Every structure is written in structure tokens, then in C-alpha cells.
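For reference, my_file16.cif is printed below; it contains mmCIF, C-alpha atoms and all ligand atoms.
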```cif
data_protein
#
loop_
_atom_site.label_atom_id
_atom_site.label_comp_id
_atom_site.auth_asym_id
_atom_site.auth_seq_id
_atom_site.Cartn_x
_atom_site.Cartn_y
_atom_site.Cartn_z
CA MET V 1 -131.35 121.10 -30.93
CA GLY V 2 -129.04 118.18 -30.32
CA LYS V 3 -129.60 118.11 -26.56
CA PRO V 4 -132.87 116.15 -26.44
CA LEU V 5 -131.31 113.54 -28.69
CA VAL V 6 -128.30 113.31 -26.40
CA TRP V 7 -130.57 112.80 -23.41
CA ILE V 8 -132.61 110.19 -25.23
CA GLY V 9 -129.33 108.43 -26.00
CA VAL V 10 -128.28 108.58 -22.37
CA MET V 11 -131.65 107.29 -21.17
CA VAL V 12 -131.59 104.41 -23.68
CA ALA V 13 -128.03 103.55 -22.64
CA LEU V 14 -129.02 103.54 -18.96
CA THR V 15 -132.05 101.35 -19.47
CA CYS V 16 -129.92 98.93 -21.49
CA VAL V 17 -127.40 98.36 -18.69
CA PRO V 18 -127.92 94.68 -17.88
CA GLN V 19 -129.52 94.27 -14.48
CA PRO V 20 -128.23 91.38 -12.42
CA ALA V 21 -130.79 88.64 -12.08
CA VAL V 22 -131.69 88.37 -8.41
CA ALA V 23 -133.15 85.02 -7.59
CA TRP V 24 -136.54 85.15 -5.95
CA GLY V 25 -136.43 88.93 -5.80
CA THR V 26 -136.20 90.65 -2.45
CA LEU V 27 -139.69 89.57 -1.37
CA GLY V 28 -139.06 85.91 -2.18
CA HIS V 29 -135.74 85.68 -0.35
CA ARG V 30 -137.24 87.35 2.71
CA LEU V 31 -140.30 85.11 2.67
CA ILE V 32 -138.10 81.99 2.53
CA MET V 33 -135.78 83.22 5.30
CA ARG V 34 -138.63 84.18 7.61
CA ARG V 35 -140.34 80.80 7.23
CA ALA V 36 -137.09 78.79 7.53
CA ILE V 37 -136.50 80.08 11.07
CA ASP V 38 -139.75 78.42 12.17
CA LEU V 39 -138.30 75.00 11.23
CA LEU V 40 -135.18 75.22 13.39
CA PRO V 41 -134.74 72.90 16.42
CA ALA V 42 -135.52 74.15 19.91
CA GLU V 43 -131.84 74.51 20.86
CA ILE V 44 -131.17 77.27 18.33
CA LYS V 45 -134.59 78.54 17.34
CA PRO V 46 -134.86 81.22 20.06
CA PHE V 47 -131.54 82.73 18.92
CA PHE V 48 -132.75 82.94 15.33
CA VAL V 49 -136.20 84.21 16.30
CA GLU V 50 -134.53 87.01 18.24
CA CYS V 51 -132.36 87.84 15.21
CA ARG V 52 -135.11 87.27 12.66
CA ASP V 53 -135.41 90.88 11.54
CA GLU V 54 -131.72 91.15 10.83
CA LEU V 55 -131.62 87.80 9.02
CA VAL V 56 -134.60 88.73 6.88
CA MET V 57 -132.91 92.02 5.98
CA ARG V 58 -129.47 90.56 5.34
CA VAL V 59 -130.51 87.56 3.26
CA VAL V 60 -130.55 89.81 0.18
CA ASP V 61 -127.13 91.34 0.88
CA PRO V 62 -125.34 89.24 -1.77
CA ASP V 63 -127.61 90.73 -4.43
CA GLN V 64 -126.79 94.22 -3.17
CA TRP V 65 -123.08 93.45 -3.51
CA ARG V 66 -123.66 92.88 -7.21
CA SER V 67 -125.39 96.24 -7.52
CA ILE V 68 -122.41 97.91 -5.85
CA GLY V 69 -120.16 96.32 -8.44
CA TRP V 70 -118.39 93.74 -6.32
CA PRO V 71 -117.59 90.62 -8.35
CA ASP V 72 -120.13 88.37 -6.63
CA ASP V 73 -122.16 87.63 -9.75
CA PRO V 74 -120.88 84.09 -10.54
CA ASN V 75 -121.69 82.94 -7.02
CA HIS V 76 -125.43 83.15 -7.64
CA PHE V 77 -125.87 80.58 -10.42
CA LEU V 78 -124.61 77.58 -12.34
CA ASP V 79 -125.30 77.68 -16.06
CA LEU V 80 -126.07 74.03 -16.76
CA GLY V 81 -126.71 73.42 -20.44
CA VAL V 82 -123.50 75.04 -21.71
CA PRO V 83 -121.86 72.74 -24.28
CA GLU V 84 -118.67 72.16 -22.28
CA TYR V 85 -120.55 70.53 -19.39
CA GLY V 86 -122.25 67.95 -21.63
CA LYS V 87 -125.78 66.65 -21.21
CA TYR V 88 -127.79 66.03 -18.02
CA PRO V 89 -126.56 65.17 -15.38
CA PHE V 90 -123.53 67.13 -16.65
CA GLU V 91 -120.86 64.75 -15.46
CA ALA V 92 -118.29 66.49 -17.64
CA LEU V 93 -118.23 69.12 -14.88
CA PRO V 94 -116.20 67.79 -11.95
CA ARG V 95 -117.96 68.44 -8.65
CA GLU V 96 -114.61 68.97 -6.92
CA TYR V 97 -113.50 72.57 -7.46
CA GLY V 98 -109.80 71.86 -7.95
CA ALA V 99 -110.56 69.28 -10.64
CA ALA V 100 -113.06 71.62 -12.32
CA LEU V 101 -110.52 74.45 -12.27
CA GLU V 102 -107.85 72.24 -13.75
CA LYS V 103 -110.18 71.04 -16.49
CA PHE V 104 -111.87 74.30 -17.51
CA GLY V 105 -109.84 77.17 -16.05
CA ASP V 106 -110.96 80.14 -14.01
CA VAL V 107 -112.45 82.14 -16.90
CA VAL V 108 -114.86 79.40 -17.97
CA LEU V 109 -115.86 78.49 -14.41
CA ARG V 110 -116.61 82.12 -13.53
CA ARG V 111 -118.57 82.66 -16.72
CA ASN V 112 -120.71 79.58 -16.06
CA GLY V 113 -121.18 80.14 -12.35
CA LEU V 114 -119.70 79.01 -9.04
CA LEU V 115 -122.73 78.53 -6.80
CA PRO V 116 -122.00 75.07 -5.28
CA TRP V 117 -118.44 76.00 -4.34
CA ARG V 118 -119.45 79.37 -2.95
CA GLU V 119 -122.08 77.63 -0.84
CA ALA V 120 -119.42 75.28 0.54
CA GLU V 121 -117.15 78.23 1.37
CA ILE V 122 -119.81 80.19 3.25
CA PHE V 123 -121.07 77.04 5.00
CA GLY V 124 -117.52 76.66 6.35
CA ASN V 125 -117.61 80.24 7.60
CA LEU V 126 -120.94 79.53 9.30
CA ARG V 127 -119.67 76.32 10.91
CA ARG V 128 -116.61 78.15 12.29
CA SER V 129 -118.82 80.99 13.52
CA PHE V 130 -121.00 78.52 15.43
CA ALA V 131 -117.84 76.96 16.88
CA GLY V 132 -116.89 80.42 18.10
CA PHE V 133 -119.59 80.14 20.77
CA THR V 134 -117.74 77.19 22.32
CA ARG V 135 -114.55 79.17 22.86
CA LYS V 136 -116.41 82.41 23.63
CA ALA V 137 -114.95 84.10 20.57
CA PRO V 138 -115.75 87.78 20.15
CA TYR V 139 -118.35 88.51 17.46
CA ALA V 140 -119.65 84.89 17.40
CA LYS V 141 -123.22 86.14 17.46
CA SER V 142 -122.88 88.68 14.66
CA ASP V 143 -120.84 86.23 12.57
CA VAL V 144 -123.49 83.51 12.90
CA VAL V 145 -126.18 85.96 11.83
CA LEU V 146 -124.10 87.23 8.90
CA PHE V 147 -123.07 83.83 7.55
CA SER V 148 -126.50 82.28 8.14
CA ALA V 149 -128.03 84.97 5.95
CA ILE V 150 -125.37 84.70 3.24
CA ALA V 151 -125.29 80.89 3.13
CA SER V 152 -129.09 80.91 2.98
CA HIS V 153 -129.09 83.29 0.02
CA TYR V 154 -127.10 81.02 -2.26
CA ILE V 155 -129.01 77.81 -1.51
CA GLN V 156 -132.22 79.76 -2.12
CA ASP V 157 -130.88 80.92 -5.50
CA ALA V 158 -130.15 77.30 -6.42
CA HIS V 159 -133.87 76.50 -6.08
CA GLN V 160 -134.84 79.03 -8.75
CA PRO V 161 -134.83 76.97 -11.99
CA LEU V 162 -133.52 79.89 -14.05
CA HIS V 163 -130.37 80.02 -11.90
CA ALA V 164 -129.47 76.54 -13.16
CA THR V 165 -129.52 77.11 -16.92
CA ASP V 166 -127.63 79.00 -19.59
CA ASN V 167 -131.08 80.10 -20.89
CA PHE V 168 -131.43 82.08 -17.66
CA ASP V 169 -133.60 84.83 -19.08
CA GLY V 170 -135.32 82.97 -21.89
CA ALA V 171 -133.31 84.65 -24.65
CA ALA V 172 -132.68 81.35 -26.42
CA THR V 173 -136.38 80.47 -26.62
CA GLY V 174 -138.10 83.83 -27.22
CA ASN V 175 -139.06 84.27 -23.55
CA ARG V 176 -136.88 87.25 -22.70
CA GLY V 177 -137.67 88.70 -19.29
CA ILE V 178 -139.03 85.43 -17.88
CA HIS V 179 -136.47 85.54 -15.07
CA ALA V 180 -138.02 88.52 -13.31
CA ARG V 181 -141.57 87.60 -14.31
CA PHE V 182 -141.21 84.25 -12.55
CA GLU V 183 -139.15 85.03 -9.47
CA ARG V 184 -140.22 88.59 -8.71
CA ASP V 185 -143.54 89.43 -10.38
CA LEU V 186 -145.38 86.21 -9.54
CA ILE V 187 -144.47 86.44 -5.86
CA GLU V 188 -145.30 90.13 -5.65
CA ARG V 189 -148.65 89.60 -7.35
CA PHE V 190 -149.74 86.29 -5.84
CA GLU V 191 -148.01 85.92 -2.47
CA SER V 192 -151.35 85.72 -0.65
CA ARG V 193 -152.42 82.79 -2.85
CA LEU V 194 -149.29 80.72 -2.30
CA ARG V 195 -149.68 77.55 -0.24
CA LEU V 196 -146.31 76.67 1.18
CA ASN V 197 -145.80 73.39 3.04
CA PRO V 198 -142.10 72.97 3.75
CA ALA V 199 -141.06 69.48 4.84
CA PRO V 200 -139.17 69.01 8.12
CA PRO V 201 -135.58 70.00 7.36
CA ALA V 202 -132.84 67.42 6.89
CA PRO V 203 -129.45 68.67 8.10
CA ILE V 204 -127.19 69.44 5.15
CA THR V 205 -123.81 67.85 5.71
CA ASN V 206 -122.21 68.44 2.32
CA PRO V 207 -123.28 71.86 1.05
CA ARG V 208 -121.46 71.48 -2.28
CA ASP V 209 -123.15 68.21 -3.20
CA ALA V 210 -126.49 69.43 -1.82
CA SER V 211 -126.22 72.50 -4.07
CA PHE V 212 -125.46 70.38 -7.13
CA ALA V 213 -128.48 68.18 -6.34
CA VAL V 214 -130.75 71.21 -5.98
CA LEU V 215 -129.42 72.73 -9.21
CA LEU V 216 -129.96 69.49 -11.16
CA ALA V 217 -133.56 69.37 -9.94
CA SER V 218 -133.95 73.03 -10.87
CA TYR V 219 -132.60 72.38 -14.35
CA GLN V 220 -135.29 69.78 -14.98
CA LEU V 221 -137.95 72.41 -14.33
CA VAL V 222 -136.63 74.84 -16.93
CA ASP V 223 -138.45 73.41 -19.95
CA PRO V 224 -141.90 73.28 -18.27
CA LEU V 225 -141.35 76.82 -16.99
CA ILE V 226 -140.45 78.15 -20.44
CA LYS V 227 -143.43 76.31 -21.95
CA ALA V 228 -145.82 77.82 -19.39
CA ASP V 229 -144.58 81.32 -20.18
CA SER V 230 -144.99 80.77 -23.94
CA GLU V 231 -148.52 79.42 -23.50
CA ALA V 232 -149.55 82.25 -21.19
CA VAL V 233 -148.46 84.97 -23.61
CA ALA V 234 -149.62 83.24 -26.82
CA GLY V 235 -151.56 85.65 -29.03
CA LYS V 236 -150.75 88.65 -26.82
CA ASP V 237 -148.45 91.62 -27.36
CA GLN V 238 -147.89 92.53 -23.72
CA TYR V 239 -147.42 90.93 -20.33
CA ASP V 240 -150.65 92.17 -18.77
CA ASP V 241 -152.80 90.99 -15.86
CA GLU V 242 -154.36 88.26 -17.98
CA TYR V 243 -150.91 86.93 -18.91
CA PHE V 244 -149.80 86.84 -15.27
CA GLU V 245 -152.97 85.06 -14.19
CA LYS V 246 -152.41 82.40 -16.85
CA PHE V 247 -148.70 82.09 -16.11
CA PHE V 248 -149.36 81.76 -12.38
CA THR V 249 -152.06 79.13 -12.88
CA ARG V 250 -149.65 77.04 -14.94
CA VAL V 251 -146.60 77.28 -12.65
CA GLN V 252 -148.24 77.60 -9.22
CA PRO V 253 -147.43 73.99 -8.16
CA MET V 254 -143.83 74.37 -9.30
CA LEU V 255 -143.42 77.74 -7.61
CA GLU V 256 -144.92 76.46 -4.36
CA GLN V 257 -142.76 73.33 -4.50
CA ARG V 258 -139.52 75.23 -5.08
CA LEU V 259 -140.26 77.85 -2.43
CA SER V 260 -141.20 75.16 0.10
CA GLU V 261 -138.09 73.12 -0.67
CA SER V 262 -136.01 76.27 -0.41
CA ILE V 263 -137.44 76.97 3.06
CA SER V 264 -136.55 73.43 4.22
CA ALA V 265 -133.06 73.61 2.68
CA THR V 266 -132.35 76.97 4.30
CA ALA V 267 -133.15 75.51 7.71
CA GLY V 268 -131.24 72.32 6.85
CA LEU V 269 -128.15 74.33 6.00
CA ILE V 270 -128.14 76.20 9.30
CA ILE V 271 -128.80 73.01 11.27
CA GLY V 272 -126.04 71.16 9.39
CA ALA V 273 -123.45 73.83 10.14
CA TRP V 274 -124.50 73.96 13.80
CA GLU V 275 -124.29 70.17 14.16
CA GLN V 276 -120.87 70.03 12.50
CA ALA V 277 -119.70 72.71 14.94
CA GLY V 278 -120.60 70.36 17.80
CA LYS V 279 -124.05 71.78 18.59
CA PRO V 280 -122.80 74.69 20.73
CA ALA V 281 -125.20 76.62 22.95
CA VAL V 282 -125.95 79.89 21.19
CA SER V 283 -126.90 83.14 22.81
CA THR V 284 -127.56 86.66 21.68
CA ARG V 285 -125.96 87.94 24.87
CA GLU V 286 -122.21 87.78 24.70
CA GLU V 287 -120.56 87.85 28.08
CA ARG V 288 -117.85 90.41 28.42
CA PRO V 289 -115.85 89.74 31.60
CA VAL V 290 -114.05 92.74 33.03
CA GLU V 291 -110.55 92.78 31.59
CA LYS V 292 -107.49 93.25 33.70
CA VAL V 293 -105.21 96.14 32.94
CA ARG V 294 -102.06 94.65 31.49
CA PRO V 295 -98.96 96.60 32.41
CA THR V 296 -96.76 97.65 29.54
CA PRO V 297 -93.57 95.56 29.69
CA GLY V 298 -90.89 97.73 31.24
CA ARG V 299 -87.55 98.35 29.72
ZN ZN O 301 -128.76 85.87 -5.68
#
```

In C-alpha cells, write the structure found in this file.
Ligand SMILES: [Zn+2]
Amino acid sequence: MGKPLVWIGVMVALTCVPQPAVAWGTLGHRLIMRRAIDLLPAEIKPFFVECRDELVMRVVDPDQWRSIGWPDDPNHFLDLGVPEYGKYPFEALPREYGAALEKFGDVVLRRNGLLPWREAEIFGNLRRSFAGFTRKAPYAKSDVVLFSAIASHYIQDAHQPLHATDNFDGAATGNRGIHARFERDLIERFESRLRLNPAPPAPITNPRDASFAVLLASYQLVDPLIKADSEAVAGKDQYDDEYFEKFFTRVQPMLEQRLSESISATAGLIIGAWEQAGKPAVSTREERPVEKVRPTPGR
């Protein structure tokens, strides 16, 4: 008699486990990554075209890490709008990590997100991986692919307005679920209607400051996004096709703008790291000279 109730309880508990918000959804991240490769300069484009499939697959790896349970969550967002960071442009939050850590402590910083500093860390990994080509380091190719995909993921997240606000899923304004409706559902439903025109990429030289700038611009889009969702669902009791059509119509320019800017920034990030590494020649074929047998030192 009690068993069905137990199972209902288990099912309810499972469906209530909070799902990590994955910016742009898998489809969005892959769309951005695929298009960004087209914007790369001739010196490195062939390398990235050859590795395109792997990059497009790996760009969502950081979201998978969260599903596994690795503590990557804070790296995907910055919750602007929390009281301790003050009002726009949130100058109470030091941009320098050490100063921010000293002021707020690790617990607060992790709770509110670490995206700009994570971007800087992975950009450094990418720059060093590019430099590995100069000294013929082993694994330079696979490292460049790995860190290009990972660095790209975080800057792409920064372009999603709901990754730059403490009202990240609309709970504070009665728009619960807006996160996935915007970043996943709209792209899955309307990809063929999107008109993306990414500008020529500018090399990113300071990934931390670039991330803050992107997040501040994202934050300013939060209110219009919330308003569009409220208007689209007004008078309705479910998020049906009619709702999505209305929501898309209202936010299409914003969605196209943020996706296009994300494509340019992804390319700009890769170019910036490559330039800072001294513009090394990159190749997917790593030379492996025949090694000499080294005699074991005798006793
Ligand atoms: Zn993410």
C-alpha cells in the first residue's frame, strides 16, 4: 500500500533536484563555437577548421563537469545585483581577484560567481599551450584544442544575460524557468530563423576585464528580457507554442545580438591568446623525431 507513495516521493525528490543552469544550452554553445572558427585569421584558421568537430563537442565540457558533481558551478556566472556589490556598475566588487577575496572572502565570492577570474585562468592556459608550439612541447595540439574550447565556454556564458544577475532564473520577478526558456528553448525552436552577423573579432588582451565588460552589458539586458517573458505569458497558464512565438518575437534582436557578439568574442579570445604567445605556427601534425636509446647510468 505504501509503496506507490514512496515511489511518488522519490520521483518528486528527483525532479526537485536543482539542475545547473547551462548557458546557451548545448545547441547554442555549439552554434557559437562553430561560427567563431570562421572568423579566425588565416594563420590559425586551418588548424581550427581541422579540429572543428572536437572543439564543437568539447565546448560544453564545463557544463558536463557540473553534472558529474565537480565544483565548477561558480565559474559559469557572476551574480550582479547582490546587495554586497552595490549598484551598477558594481564598483564595490574589486576587479582584481586578490582584492575581491580580501574584501568579501572565498564563501561570498564562490556563491556570487567567479566567471571573470576563471576566464583569465583558462586564457593563461591557452596562451601557454600556444607557446608550446614554439618549443615543440608534447601535447601542444591537444592542449590548444582543450583550452580553446574551455576558454570559449566561459566567455559565451558571460553573454547570456541571465548569467550576470542574481535573478538568474526569474524567481524574484515571477518568471521562474526563464533561464532555460531563453537560452535553450528559443534556440532549439527558432535556430533556422536566427540572423547572426558577428562583427570582425577584436583580439582580447585582458580576458578578466573583457569578461567584466561583457557581464555588465549582459546585466543591462536582464530587465527587458524579464519584461518580454512576462508580456508573452500574460493571461496564459502554460508556456505553449503561442507563448514561445510571442517571447521570440520580443527578444529576437537581443538574442541575435548576444549570440553574434559571443561568436566574435570567442574568436577574439583565441586570437588574443595566440598573439600573446608570439603568434606561433600551429599544426595538427606533431613531429616526433626518433629518440635515441639512453643508456642506464652504470654503477
Ligand atoms: Zn556554462

Non-local contacts of region 264-277 of chain V (10 Å; all atoms listed in the file; under 4 positions in same chain excluded) as an NGL selection string: :V and (32-33 or 35-41 or 44 or 119 or 123-134 or 144 or 147-149 or 151-156 or 159 or 197-207 or 210-211 or 214 or 258-260 or 281-282)

Shortest interatomic distance to Tyr219 (chain V) - which of V:Gly235, V:Pro74, V:Gly86, V:Pro161, counting all atoms listed in the file: V:Pro161

At a cut-off of 7 Å, can you tabulate as a Markdown table every residue of chain V near ligand ZN 301 (chain O) together with its closest atom pair and the distance in Å to one decimal, using only C-alpha atoms and all ligand atoms and ordering rows by chain then number?
```
| residue | atom | partner | partner_atom | distance |
| --- | --- | --- | --- | --- |
| V:Val22 | CA | O:ZN301 | ZN | 4.7 |
| V:Ala23 | CA | O:ZN301 | ZN | 4.9 |
| V:Pro62 | CA | O:ZN301 | ZN | 6.2 |
| V:Asp63 | CA | O:ZN301 | ZN | 5.1 |
| V:His76 | CA | O:ZN301 | ZN | 4.7 |
| V:His153 | CA | O:ZN301 | ZN | 6.3 |
| V:Tyr154 | CA | O:ZN301 | ZN | 6.2 |
| V:Asp157 | CA | O:ZN301 | ZN | 5.4 |
```

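Here CA of Asp143 (chain V) stands at a distance of 22.6 Å from CA of Glu291 (chain V).
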
Close residues, Leu225 (chain V) itself excluded, 8 Å, all atoms listed in the file, min 4 positions apart in chain, as a PyMOL selection string: chain V and resi 221+229+251

Could those selected residues go to a file with C-alpha atoms, as a PDB file, in the frame of the given file?
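The resulting file, selection-v9.pdb, is shown below:
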```
ATOM      1  CA  LEU V 221    -137.950  72.410 -14.330  1.00  0.00           C
ATOM      2  CA  ASP V 229    -144.580  81.320 -20.180  1.00  0.00           C
ATOM      3  CA  VAL V 251    -146.600  77.280 -12.650  1.00  0.00           C
TER       4      VAL V 251
END
```

Draw an axis-aligned box tight on the listed atoms of region 61-64 of chain V, then pad every side by 6 Å and write out centre and edge lengths in Å to one decimal as lines of an AutoDock Vina configuration file.
```
center_x = -126.5
center_y = 91.7
center_z = -1.8
size_x = 14.3
size_y = 17.0
size_z = 17.3
```

Straight-line distance linking CA of Asp166 (chain V) with CA of Arg208 (chain V), stated in Å to one decimal: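 Between CA of Asp166 (chain V) and CA of Arg208 (chain V) the gap works out to 19.9 Å.
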
Polymer residues at most 8 Å from Thr284 (chain V), all atoms listed in the file, same-chain spacing of 5 or more positions, as a list in words: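 After dropping sequence-adjacent residues, the list is Phe47, Glu50 and Lys141 of chain V.
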
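The closest residue to Phe212 (chain V), picked from V:Pro116, V:Gly69, V:Gly28, V:Pro46 and counting only C-alpha atoms, is V:Pro116.
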